[in-house]
Amino acid sequence: MTDEIFTGSFTQQEPIPEEGIEAAVAVLRSGRLHRYNTVGDEAGETALLEQEFAALTGAKYCLAVASGGYAIGCALRAVGVQPGDSVLTNAFTLAPVPGAIAALGAKPVFVEVTEDLLIDLEHLARQIAETDAKVLLLSHMRGHICDMDALMAICDTASVKVIEDCAHTMGANWNRVPSGRHGVAACYSTQTYKHVNSGEGGFLTSDDEVLMARAVMLSGSYMLYERHLAAPSADAFEKIRLETPNVSGRMDNLRAAILRPQLKGLAENARRWNALYKEMEVGLSGVNGLVIPHRPAKEGYVASSFQFLLPDWSPQEIIDFVKRCAKRGVELKWFGGAEPQGFTSRYDSWRYADAQNLPQTDRVLGGLLDMRLPLTFSTDDVALIARIVRSEVARIIGH
């Protein structure tokens with residue numbers, strides 16, 4: 001019997017909605033791409049996008065920026081992180097998260113990850129007690145949301161400010177509270193592989209007017225902050241406008257025009273992503289030697305990717321497995337490799353951070369596989385991918 005082959009692309013996204021294309025063309029024809037290059041009472045695409053995203057998330061304020069990574073760095077500066085400060089963050093995350101900490105001259109302090117790919121709350125409490133860190137940059141990595149009530153109780157008790165990295169959780173929630181609404185600020189990405197797509201881009205949201213006024217000034221508003229529709233009042237800028245450096249990272253009207261129609265379709269796309277996730281979950285359930293992370297009942301996820309663990313497999317077995325799947329068209333990323341591959345770098349690859357001993361994270365990442373679930377896939381595609389993965393697991397472990 002011939003092995004099944006998947007011929008689709010794990011990196012092919014859906015096209016930008018026609019409404020977004022038409023709006024982008026209108027911006028191009030106007031020549032007014034810069035967010036502050038408006039005429040008369042015209043608000044501009046970026047200001048309107050900020051207003052709409054704030055309404056979508058329930059935040060008081062929103063700032064559209066050049067990337068999710070910029071949003072993180074801006075948030076850290078806005079809450080007052082200084083060179084030499086310790087900042088807590090997940091050991092399992094992507095490089096822009098500790099990179100944003102290091103870019104400020106601060107020190108990333110990593111927290112262990114559990115087998116369900118969540119920040120380890122017990123280790124978090126110990127790290128808070130053992131360090132002088134007063135900020136947690138919480139990464140909802142690959143869309144997995146921890147018990148936010150428990151996490152906030154730990155951090156509030158210790159007066160630790162929480163910045164949520166929601167790059168993978170736009171539209172998601174914990175116990176019906178939108179992701180990003182627990183901490184003092186939240187950062188989102190609109191990079192191509194996220195839940196809305198402008199190539200690059202991001203958002204910073206907060207209810208704190210001082211924090212947000214600083215963020216707007218940092219982003220390069222000069223003295224044009226009154227043109228924002230989702231920023232604090234002019235009074236909030238008076239004390240900080242001359243003492244806040246310009247670290248330009250504005251979003252432009254072209255990207256905002258592309259994004260606005262996508263926000264309207266976010267809820268429906270979340271439903272479609274979760275249908276793909278559940279199809280994969282069914283297809284890989286009960287496979288001997290393969291473990292799917294548990295999703296808590298209170299977690300309202302938006303699963304644009306899928307993760308599974310191959311616990312106690314040797315590195316060579318996993319390398320062989322990934323290669324065999326690739327020959328059959330299934331693209332898997334392994335977080336346990338000795339060297340960074342694409343986005344799958346891990347905490348011991350980031351040599352700008354102090355070395356730490358994290359045996360639990362090492363064990364988890366050693367068996368962790370990741371795959372994208374683009375909306376160009378059908379449920380039949382996902383069922384085929386699951387059959388391929390199942391058969392290759394069986395071949396490796398001999399069952």
# chains A, B, ... in the order shown; residues from 1 in each chain; ligands from 1
$ select_by_dssp --residues "region 183-291 of chain A" --states "strand (DSSP E or B)" --output "list in words"
Ala185, Ala186, Cys187, Tyr188, Ser189, Gly202, Phe203, Leu204, Thr205, Ser206, Arg250 and Val291 of chain A
$ closest_atom_pairs --of "region 156-259 of chain A" --to "region 22-27 of chain A" --cutoff "12 Å" --atoms "only C-alpha atoms" --output "tab-separated table"
residue	atom	partner	partner_atom	distance
A:Ser198	CA	A:Ala24	CA	10.9
A:Asp252	CA	A:Val27	CA	10.0
A:Asn253	CA	A:Val27	CA	7.0
A:Leu254	CA	A:Ala24	CA	5.5
A:Arg255	CA	A:Ala24	CA	7.6
A:Ala256	CA	A:Ala24	CA	8.4
A:Ala257	CA	A:Ala24	CA	5.4
A:Ile258	CA	A:Ala24	CA	6.0
A:Leu259	CA	A:Ala24	CA	9.6
$ write_last_selection --atoms "C-alpha atoms" --output "mmCIF file, in the first residue's frame"
data_model
loop_
_atom_site.group_PDB
_atom_site.id
_atom_site.type_symbol
_atom_site.label_atom_id
_atom_site.label_comp_id
_atom_site.auth_asym_id
_atom_site.auth_seq_id
_atom_site.Cartn_x
_atom_site.Cartn_y
_atom_site.Cartn_z
ATOM 1 C CA SER A 198 -0.688 42.867 7.808
ATOM 2 C CA ASP A 252 1.023 53.295 8.948
ATOM 3 C CA ASN A 253 -2.349 53.836 7.277
ATOM 4 C CA LEU A 254 -1.704 51.174 4.635
ATOM 5 C CA ARG A 255 -1.410 48.342 7.140
ATOM 6 C CA ALA A 256 -4.294 49.718 9.178
ATOM 7 C CA ALA A 257 -6.502 49.703 6.073
ATOM 8 C CA ILE A 258 -5.655 46.038 5.491
ATOM 9 C CA LEU A 259 -6.424 45.131 9.109
#
$ closest_residue --among "A:Leu56, A:Ala394, A:Val65, A:Ala172" --to "Gly286 (chain A)" --atoms "only C-alpha atoms"
A:Ala394
$ residues_around --residues "Gly300 (chain A)" --least-positions-apart "2" --cutoff "12 Å" --atoms "only C-alpha atoms" --output "JSON, numbers by chain"
{"A": [143, 144, 145, 146, 147, 169, 170, 171, 172, 173, 174, 175, 176, 177, 178, 179, 267, 270, 271, 274, 295, 296, 297, 298, 302, 303]}
$ closest_residue --among "A:Leu76, A:Leu204, A:Leu368, A:Leu373" --to "Arg272 (chain A)" --atoms "only C-alpha atoms"
A:Leu373
$ residues_around --residues "region 109-111 of chain A" --least-positions-apart "6" --cutoff "9 Å" --atoms "only C-alpha atoms" --output "PDB file with C-alpha atoms, in the first residue's frame"
ATOM      1  CA  SER A  86      15.104  41.668  36.340  1.00  0.00           C
ATOM      2  CA  VAL A  87      12.012  40.845  34.296  1.00  0.00           C
ATOM      3  CA  LEU A  88      10.261  37.491  34.627  1.00  0.00           C
ATOM      4  CA  THR A  89       9.082  35.634  31.534  1.00  0.00           C
ATOM      5  CA  ASN A  90       8.244  32.136  30.319  1.00  0.00           C
ATOM      6  CA  ALA A  91      11.122  29.807  29.507  1.00  0.00           C
ATOM      7  CA  PHE A  92       8.956  28.537  26.632  1.00  0.00           C
ATOM      8  CA  PRO A  98      13.333  37.924  25.969  1.00  0.00           C
ATOM      9  CA  ILE A 119       3.876  28.862  32.834  1.00  0.00           C
ATOM     10  CA  ASP A 120       4.543  26.929  36.058  1.00  0.00           C
ATOM     11  CA  LEU A 121       2.800  28.943  38.780  1.00  0.00           C
ATOM     12  CA  HIS A 123       8.030  28.154  40.020  1.00  0.00           C
ATOM     13  CA  LEU A 124       6.752  31.663  39.257  1.00  0.00           C
ATOM     14  CA  GLN A 127      11.180  33.215  41.227  1.00  0.00           C
ATOM     15  CA  THR A 131      14.514  37.846  42.753  1.00  0.00           C
ATOM     16  CA  ALA A 133      11.648  41.349  39.690  1.00  0.00           C
ATOM     17  CA  TYR A 347      15.926  29.775  26.358  1.00  0.00           C
ATOM     18  CA  ALA A 353      20.402  36.155  29.051  1.00  0.00           C
ATOM     19  CA  ASP A 354      22.063  34.703  32.144  1.00  0.00           C
ATOM     20  CA  GLN A 356      19.636  29.118  34.115  1.00  0.00           C
ATOM     21  CA  LEU A 358      15.444  24.600  34.073  1.00  0.00           C
ATOM     22  CA  THR A 361      11.462  22.955  30.666  1.00  0.00           C
TER      23      THR A 361
END
$ select_by_dssp --residues "region 211-240 of chain A" --states "alpha helix (DSSP H)" --output "list in words"
Leu211, Met212, Ala213, Arg214, Ala215, Val216, Met217 and Leu218 of chain A
$ write_last_selection --atoms "N, CA and C atoms" --output "short mmCIF file (atom, residue, chain, number, x, y, z; two decimals), in the first residue's frame"
data_model
loop_
_atom_site.label_atom_id
_atom_site.label_comp_id
_atom_site.auth_asym_id
_atom_site.auth_seq_id
_atom_site.Cartn_x
_atom_site.Cartn_y
_atom_site.Cartn_z
N LEU A 211 0.51 55.09 31.69
CA LEU A 211 1.25 54.11 30.89
C LEU A 211 0.99 54.35 29.41
N MET A 212 -0.28 54.56 29.05
CA MET A 212 -0.62 54.68 27.65
C MET A 212 -0.14 56.00 27.06
N ALA A 213 -0.17 57.06 27.84
CA ALA A 213 0.38 58.32 27.35
C ALA A 213 1.86 58.19 27.06
N ARG A 214 2.58 57.51 27.95
CA ARG A 214 4.01 57.26 27.70
C ARG A 214 4.20 56.45 26.42
N ALA A 215 3.37 55.41 26.24
CA ALA A 215 3.50 54.55 25.06
C ALA A 215 3.27 55.34 23.78
N VAL A 216 2.27 56.21 23.77
CA VAL A 216 1.99 57.02 22.58
C VAL A 216 3.17 57.93 22.27
N MET A 217 3.73 58.55 23.30
CA MET A 217 4.90 59.41 23.08
C MET A 217 6.10 58.58 22.61
N LEU A 218 6.31 57.44 23.22
CA LEU A 218 7.42 56.57 22.82
C LEU A 218 7.30 56.16 21.35
#
$ closest_residue --among "A:Thr157, A:Ser67, A:Thr93, A:Gln13" --to "Thr344 (chain A)" --atoms "only C-alpha atoms"
A:Thr93
$ residues_around --residues "Leu375 (chain A)" --least-positions-apart "3" --cutoff "12 Å" --atoms "only C-alpha atoms" --output "compact mmCIF listing (two decimals) with N, CA and C atoms, in the first residue's frame"
# COMPACT_ATOMS: atom_id res chain seq x y z
N GLY A 8 -0.47 20.12 0.60
CA GLY A 8 -0.78 21.51 0.91
C GLY A 8 0.42 22.23 1.50
N SER A 9 0.24 23.54 1.76
CA SER A 9 1.30 24.39 2.31
C SER A 9 0.95 24.82 3.73
N PHE A 10 1.91 24.63 4.63
CA PHE A 10 1.71 25.04 6.02
C PHE A 10 1.95 26.54 6.21
N THR A 11 2.36 27.24 5.17
CA THR A 11 2.65 28.68 5.29
C THR A 11 1.75 29.53 4.39
N GLN A 12 0.77 28.91 3.73
CA GLN A 12 -0.11 29.68 2.84
C GLN A 12 -1.31 30.23 3.59
N GLN A 13 -1.39 31.55 3.65
CA GLN A 13 -2.50 32.20 4.32
C GLN A 13 -3.62 32.51 3.34
N GLU A 14 -4.78 32.80 3.87
CA GLU A 14 -5.88 33.24 3.04
C GLU A 14 -5.60 34.65 2.50
N PRO A 15 -6.20 35.03 1.36
CA PRO A 15 -5.99 36.38 0.84
C PRO A 15 -6.59 37.44 1.75
N TYR A 193 1.58 35.26 10.32
CA TYR A 193 1.13 33.99 10.88
C TYR A 193 0.27 34.14 12.13
N LYS A 194 -0.19 35.36 12.41
CA LYS A 194 -1.04 35.59 13.57
C LYS A 194 -2.51 35.63 13.13
N HIS A 195 -3.40 36.07 14.03
CA HIS A 195 -4.84 35.93 13.77
C HIS A 195 -5.41 36.98 12.83
N VAL A 196 -4.72 38.09 12.67
CA VAL A 196 -4.99 39.02 11.57
C VAL A 196 -3.64 39.34 10.92
N LEU A 266 -12.84 38.25 12.73
CA LEU A 266 -12.02 37.51 13.70
C LEU A 266 -12.81 36.41 14.40
N GLU A 268 -15.46 34.68 13.45
CA GLU A 268 -15.73 33.56 12.55
C GLU A 268 -14.45 32.79 12.24
N ASN A 269 -13.35 33.48 12.05
CA ASN A 269 -12.09 32.79 11.80
C ASN A 269 -11.64 32.00 13.03
N ALA A 270 -11.92 32.52 14.22
CA ALA A 270 -11.60 31.77 15.44
C ALA A 270 -12.37 30.45 15.47
N ARG A 271 -13.64 30.50 15.08
CA ARG A 271 -14.44 29.28 15.02
C ARG A 271 -13.84 28.29 14.02
N ARG A 272 -13.38 28.77 12.88
CA ARG A 272 -12.80 27.89 11.85
C ARG A 272 -11.48 27.29 12.33
N TRP A 273 -10.62 28.12 12.97
CA TRP A 273 -9.35 27.59 13.50
C TRP A 273 -9.62 26.49 14.53
N ASN A 274 -10.57 26.73 15.39
CA ASN A 274 -10.84 25.75 16.44
C ASN A 274 -11.43 24.47 15.88
N ALA A 275 -12.16 24.56 14.77
CA ALA A 275 -12.66 23.34 14.11
C ALA A 275 -11.49 22.52 13.58
N LEU A 276 -10.48 23.18 13.02
CA LEU A 276 -9.29 22.47 12.55
C LEU A 276 -8.55 21.84 13.73
N TYR A 277 -8.42 22.59 14.82
CA TYR A 277 -7.72 22.08 16.00
C TYR A 277 -8.41 20.83 16.54
N ALA A 303 -7.06 28.49 18.24
CA ALA A 303 -5.93 27.59 18.00
C ALA A 303 -5.49 27.61 16.55
N SER A 304 -4.60 28.55 16.21
CA SER A 304 -4.08 28.60 14.85
C SER A 304 -2.84 27.73 14.67
N SER A 305 -2.50 26.97 15.70
CA SER A 305 -1.40 26.01 15.61
C SER A 305 -1.72 24.84 16.53
N ARG A 372 1.67 24.52 12.22
CA ARG A 372 0.68 25.55 11.93
C ARG A 372 -0.59 24.92 11.41
N SER A 378 -8.49 22.44 5.06
CA SER A 378 -9.84 21.96 5.33
C SER A 378 -9.76 20.93 6.45
N THR A 379 -10.89 20.55 6.99
CA THR A 379 -10.88 19.48 8.01
C THR A 379 -10.42 18.16 7.40
N ASP A 381 -8.07 17.96 5.11
CA ASP A 381 -6.62 18.09 5.12
C ASP A 381 -6.05 17.72 6.48
N VAL A 382 -6.68 18.23 7.52
CA VAL A 382 -6.20 17.97 8.88
C VAL A 382 -6.32 16.49 9.22
$ atom_distance --atom1 "CA of Gly183 (chain A)" --atom2 "CA of Gly80 (chain A)"
15.0 Å
